[in-house]
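Heads up, the thing below is written out as structure tokens.
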Amino acid sequence: MSRQIWEKEVPAGGKWSGVVSKGKLLRFTALEEGANLSLLMYNPNGATERYNMPDTLKAQHTSHLTTGHVLMSDNGRVFASFIEDTLGWHDSISGYTSRKLTDSKYGKTTYQERRNEWYRSGEENFTVELVRNGLGKRDLVPNVNLFSKVFCDENGDMNFVLDHCPKGATVTLRTEMDVLFVLSNTPNPLDPRTAYPSVPVNIEVLTAESVQEDDYCLNHRPENRRAFENTWEYEALVKQ
């Protein structure tokens, strides 16, 4: 039985970063419809290791993420696994918003004029949180967009699905090693809406059961098992 350890609501435009240790569950809940939560991951014990989008996708023969998939680092290890998902699709290819894109789509705003109601961008939110953790803008990498669905059609065009995320949608990640999470609750860059979305997202951290031999994420693909084995080897050595 999982036990809740911590909980936080990230408001629209908000950001958060923190280290979550191995063997925890992170449950994300969309408190209104149309959520998008941008996510980066790093190894807090050696931040040159970070989430690797190309390896994550090609190893699992997918362009989107859902239950059974794992989020791999650029050292071939597993940062976290998707163990529960009510949506069946999370965007892995669209990136995050910039200041230029935010101003052109939603109108130019400044903190001086609107205080906490100004429109943040993903790039700025990520950069602030990276600096707080001893990193910087040069450490930005391709991200995951939880709650969003983007697909490519036969012409290769990327398409955003507007009604994909209902209120109450949840996705749960299990940490397979200590992970620095960096989050930005900012719009998906392909979202066609011209009103800045105002969708808070709730985060819970809970205890997780240990990975068993019949674990779905472990056995989803042979490449997943190899990534888990790399992680277990790393953990066995650094924890001694």
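Identifiers in this document derive from the order of the structure tokens: chains are assigned A, B, ..., residues are numbered from 1 separately in each chain, and ligands are numbered from 1 in order of occurrence.
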Inset, instruction - Within 8 Å of A:Val141, counting only C-alpha atoms, which residues show up once you throw out same-chain ones fewer than 2 positions away? Write them as a list in words, please. - result: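 Once the adjacent positions are removed, what remains is Leu40, Tyr51, Asn52, Asp139 and Asn143 of chain A.
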Inset, instruction - With a distance cut-off of 9 Å and only C-alpha atoms, select the neighbouring residues of A:Val20, excluding the residue or stretch itself and same-chain residues fewer than 2 positions from it, and output the selection as an MDAnalysis selection string. - result: chainID A and resid 18 22:24 26 175 177:181 205
Using only C-alpha atoms, what does the table of stretch 82-101 of chain A residues within 12 Å of stretch 217-234 of chain A look like, with each row giving the shortest atom pair and its distance in Å to one decimal, sorted by chain and ascending number, as a Markdown table?
```
| residue | atom | partner | partner_atom | distance |
| --- | --- | --- | --- | --- |
| A:Phe82 | CA | A:Cys217 | CA | 7.3 |
| A:Ile83 | CA | A:Cys217 | CA | 7.1 |
| A:Glu84 | CA | A:Cys217 | CA | 10.4 |
```
Would you save the residues from that selection as a PDB file, in the first residue's frame, using C-alpha atoms?
```
ATOM      1  CA  PHE A  82       5.339   5.085 -16.436  1.00  0.00           C
ATOM      2  CA  ILE A  83       3.387   2.705 -14.196  1.00  0.00           C
ATOM      3  CA  GLU A  84      -0.113   4.241 -14.408  1.00  0.00           C
TER       4      GLU A  84
END
```
Legend entry - Nearest residue to A:Thr172 from the set A:Thr110, A:Ser81, A:Thr56, A:Asn43 (distances using only C-alpha atoms): A:Ser81
Legend entry - Given only C-alpha atoms as the counted atoms, nearest of A:Leu190, A:Leu71, A:Leu87, A:Leu183 to A:Leu39: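 Closest to A:Leu39, using only C-alpha atoms: A:Leu183.
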Inset, instruction - Do a neighbour search on stretch 96-107 of chain A at 8 Å with only C-alpha atoms, toss out local chain neighbours closer than 3 positions, and write the hits as a list in words. - result: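 Surrounding residues, per the criterion: Ser38, Tyr119, Arg120, Ser121, Gly122, Glu123, Glu124, Asn143, Thr186, Pro187, Asn188, Pro189, Thr194, Ala195 and Tyr196 of chain A.
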Legend entry - Residues flagged strand (DSSP E) by DSSP in stretch 66-135 of chain A, as a list in words: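 Across stretch 66-135 of chain A, those assigned strand (DSSP E) are Val70, Leu71, Met72, Val78, Phe79, Ala80, Ser81, Phe82, Ile83, Glu84, Asp85, His90 and Asp91 of chain A.
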Name the residues of stretch 109-229 of chain A that fall into helix (DSSP H, G or I) according to DSSP on the backbone, using the chain letters and numbers of this document, as an mmCIF file with N, CA and C atoms, in the first residue's frame.
```cif
data_model
loop_
_atom_site.group_PDB
_atom_site.id
_atom_site.type_symbol
_atom_site.label_atom_id
_atom_site.label_comp_id
_atom_site.auth_asym_id
_atom_site.auth_seq_id
_atom_site.Cartn_x
_atom_site.Cartn_y
_atom_site.Cartn_z
ATOM 1 N N TYR A 111 6.396 41.226 -15.743
ATOM 2 C CA TYR A 111 6.154 41.100 -14.306
ATOM 3 C C TYR A 111 5.859 42.470 -13.700
ATOM 4 N N GLN A 112 6.545 43.487 -14.176
ATOM 5 C CA GLN A 112 6.357 44.833 -13.633
ATOM 6 C C GLN A 112 4.913 45.306 -13.797
ATOM 7 N N GLU A 113 4.267 44.913 -14.893
ATOM 8 C CA GLU A 113 2.900 45.350 -15.147
ATOM 9 C C GLU A 113 1.853 44.442 -14.506
ATOM 10 N N ARG A 114 2.105 43.122 -14.497
ATOM 11 C CA ARG A 114 1.057 42.192 -14.076
ATOM 12 C C ARG A 114 1.437 41.328 -12.886
ATOM 13 N N ARG A 115 2.649 41.534 -12.353
ATOM 14 C CA ARG A 115 3.121 40.750 -11.212
ATOM 15 C C ARG A 115 2.958 39.255 -11.515
ATOM 16 N N ASN A 116 2.398 38.488 -10.617
ATOM 17 C CA ASN A 116 2.343 37.039 -10.791
ATOM 18 C C ASN A 116 1.384 36.574 -11.874
ATOM 19 N N GLU A 117 0.654 37.491 -12.491
ATOM 20 C CA GLU A 117 -0.256 37.128 -13.568
ATOM 21 C C GLU A 117 0.396 37.217 -14.950
ATOM 22 N N GLY A 122 8.208 28.254 -20.937
ATOM 23 C CA GLY A 122 8.893 27.073 -20.452
ATOM 24 C C GLY A 122 10.394 27.262 -20.358
ATOM 25 N N GLU A 123 10.973 27.908 -21.368
ATOM 26 C CA GLU A 123 12.419 28.120 -21.379
ATOM 27 C C GLU A 123 12.868 28.926 -20.165
ATOM 28 N N GLU A 124 12.148 29.979 -19.833
ATOM 29 C CA GLU A 124 12.514 30.809 -18.681
ATOM 30 C C GLU A 124 12.318 30.058 -17.370
ATOM 31 N N ASN A 125 11.195 29.355 -17.228
ATOM 32 C CA ASN A 125 10.956 28.594 -16.004
ATOM 33 C C ASN A 125 12.026 27.532 -15.796
ATOM 34 N N PHE A 126 12.327 26.792 -16.847
ATOM 35 C CA PHE A 126 13.361 25.774 -16.745
ATOM 36 C C PHE A 126 14.704 26.385 -16.351
ATOM 37 N N THR A 127 15.064 27.481 -16.987
ATOM 38 C CA THR A 127 16.357 28.105 -16.723
ATOM 39 C C THR A 127 16.482 28.548 -15.265
ATOM 40 N N VAL A 128 15.433 29.171 -14.734
ATOM 41 C CA VAL A 128 15.449 29.604 -13.333
ATOM 42 C C VAL A 128 15.679 28.409 -12.403
ATOM 43 N N GLU A 129 14.944 27.324 -12.628
ATOM 44 C CA GLU A 129 15.075 26.168 -11.746
ATOM 45 C C GLU A 129 16.410 25.457 -11.927
ATOM 46 N N LEU A 130 16.935 25.450 -13.143
ATOM 47 C CA LEU A 130 18.256 24.861 -13.354
ATOM 48 C C LEU A 130 19.327 25.635 -12.598
ATOM 49 N N VAL A 131 19.265 26.963 -12.650
ATOM 50 C CA VAL A 131 20.235 27.785 -11.926
ATOM 51 C C VAL A 131 20.165 27.503 -10.433
ATOM 52 N N ARG A 132 18.973 27.318 -9.908
ATOM 53 C CA ARG A 132 18.809 27.015 -8.487
ATOM 54 C C ARG A 132 19.475 25.706 -8.091
ATOM 55 N N LYS A 137 21.305 27.494 -18.499
ATOM 56 C CA LYS A 137 20.590 27.405 -19.771
ATOM 57 C C LYS A 137 21.235 26.411 -20.720
ATOM 58 N N ARG A 138 22.549 26.264 -20.671
ATOM 59 C CA ARG A 138 23.207 25.332 -21.582
ATOM 60 C C ARG A 138 22.881 23.873 -21.254
ATOM 61 N N ASP A 139 22.254 23.634 -20.090
ATOM 62 C CA ASP A 139 21.879 22.283 -19.688
ATOM 63 C C ASP A 139 20.460 21.911 -20.107
ATOM 64 N N TYR A 216 5.803 -4.788 -15.386
ATOM 65 C CA TYR A 216 5.410 -4.501 -16.772
ATOM 66 C C TYR A 216 6.428 -3.619 -17.479
ATOM 67 N N CYS A 217 6.928 -2.588 -16.799
ATOM 68 C CA CYS A 217 7.901 -1.685 -17.418
ATOM 69 C C CYS A 217 9.223 -2.396 -17.687
ATOM 70 N N LEU A 218 9.638 -3.229 -16.761
ATOM 71 C CA LEU A 218 10.870 -4.001 -16.922
ATOM 72 C C LEU A 218 10.809 -4.882 -18.156
ATOM 73 N N ASN A 219 9.646 -5.480 -18.415
ATOM 74 C CA ASN A 219 9.509 -6.462 -19.481
ATOM 75 C C ASN A 219 8.853 -5.907 -20.744
ATOM 76 N N PRO A 222 12.954 -5.634 -24.589
ATOM 77 C CA PRO A 222 14.279 -6.068 -24.158
ATOM 78 C C PRO A 222 15.200 -4.893 -23.816
ATOM 79 N N GLU A 223 15.042 -3.784 -24.540
ATOM 80 C CA GLU A 223 15.868 -2.606 -24.279
ATOM 81 C C GLU A 223 15.577 -2.031 -22.886
ATOM 82 N N ASN A 224 14.327 -2.161 -22.448
ATOM 83 C CA ASN A 224 13.986 -1.692 -21.099
ATOM 84 C C ASN A 224 14.751 -2.488 -20.044
ATOM 85 N N ARG A 225 14.768 -3.800 -20.199
ATOM 86 C CA ARG A 225 15.478 -4.639 -19.227
ATOM 87 C C ARG A 225 16.960 -4.284 -19.187
ATOM 88 N N ARG A 226 17.562 -4.074 -20.342
ATOM 89 C CA ARG A 226 18.988 -3.710 -20.344
ATOM 90 C C ARG A 226 19.206 -2.382 -19.627
ATOM 91 N N ALA A 227 18.295 -1.423 -19.817
ATOM 92 C CA ALA A 227 18.423 -0.140 -19.119
ATOM 93 C C ALA A 227 18.252 -0.315 -17.613
ATOM 94 N N PHE A 228 17.321 -1.171 -17.206
ATOM 95 C CA PHE A 228 17.168 -1.463 -15.776
ATOM 96 C C PHE A 228 18.437 -2.106 -15.219
ATOM 97 N N GLU A 229 19.015 -3.041 -15.971
ATOM 98 C CA GLU A 229 20.244 -3.706 -15.509
ATOM 99 C C GLU A 229 21.384 -2.706 -15.349
#
```
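For the choices A:Ser92, A:Thr48, A:Asn155, A:Asn75, the atom-to-atom distance to A:Ser63 is smallest for A:Ser92 when using only C-alpha atoms.
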Inset, instruction - In Å, rounded to a single decimal, give me how far atom CA of A:Trp16 is from atom CA of A:Gly46. - result: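 Distance reported for this atom pair: 19.7 Å.
The residue set within 7 Å of A:Ala35, counting only C-alpha atoms and dropping same-chain residues fewer than 3 places from it, reads A:Ala30, A:Glu32, A:Phe147, A:Cys165, A:Val199.
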Legend entry - Pairwise distance for atom CA of A:Phe160 and atom CA of A:Pro197, rounded to one decimal in Å: 14.5 Å
So that I can see what lies close to A:Gly88, please list as a PDB file with N, CA, C and O atoms, in the first residue's frame the residues with an atom at most 9 Å from it, counting only C-alpha atoms and leaving out residues fewer than 6 positions away in the same chain.
```pdb
ATOM      1  N   HIS A  64       5.574   8.487 -28.569  1.00  0.00           N
ATOM      2  CA  HIS A  64       4.848   9.040 -27.429  1.00  0.00           C
ATOM      3  C   HIS A  64       5.061   8.132 -26.229  1.00  0.00           C
ATOM      4  O   HIS A  64       5.643   7.043 -26.347  1.00  0.00           O
ATOM      5  N   LEU A  65       4.597   8.548 -25.068  1.00  0.00           N
ATOM      6  CA  LEU A  65       4.879   7.836 -23.826  1.00  0.00           C
ATOM      7  C   LEU A  65       3.596   7.505 -23.083  1.00  0.00           C
ATOM      8  O   LEU A  65       2.668   8.313 -23.038  1.00  0.00           O
ATOM      9  N   THR A  66       3.573   6.299 -22.479  1.00  0.00           N
ATOM     10  CA  THR A  66       2.431   5.872 -21.678  1.00  0.00           C
ATOM     11  C   THR A  66       2.862   4.690 -20.809  1.00  0.00           C
ATOM     12  O   THR A  66       4.072   4.400 -20.705  1.00  0.00           O
ATOM     13  N   THR A  67       1.901   4.005 -20.194  1.00  0.00           N
ATOM     14  CA  THR A  67       2.190   2.902 -19.279  1.00  0.00           C
ATOM     15  C   THR A  67       3.103   1.861 -19.936  1.00  0.00           C
ATOM     16  O   THR A  67       2.880   1.446 -21.073  1.00  0.00           O
TER      17      THR A  67
END
```
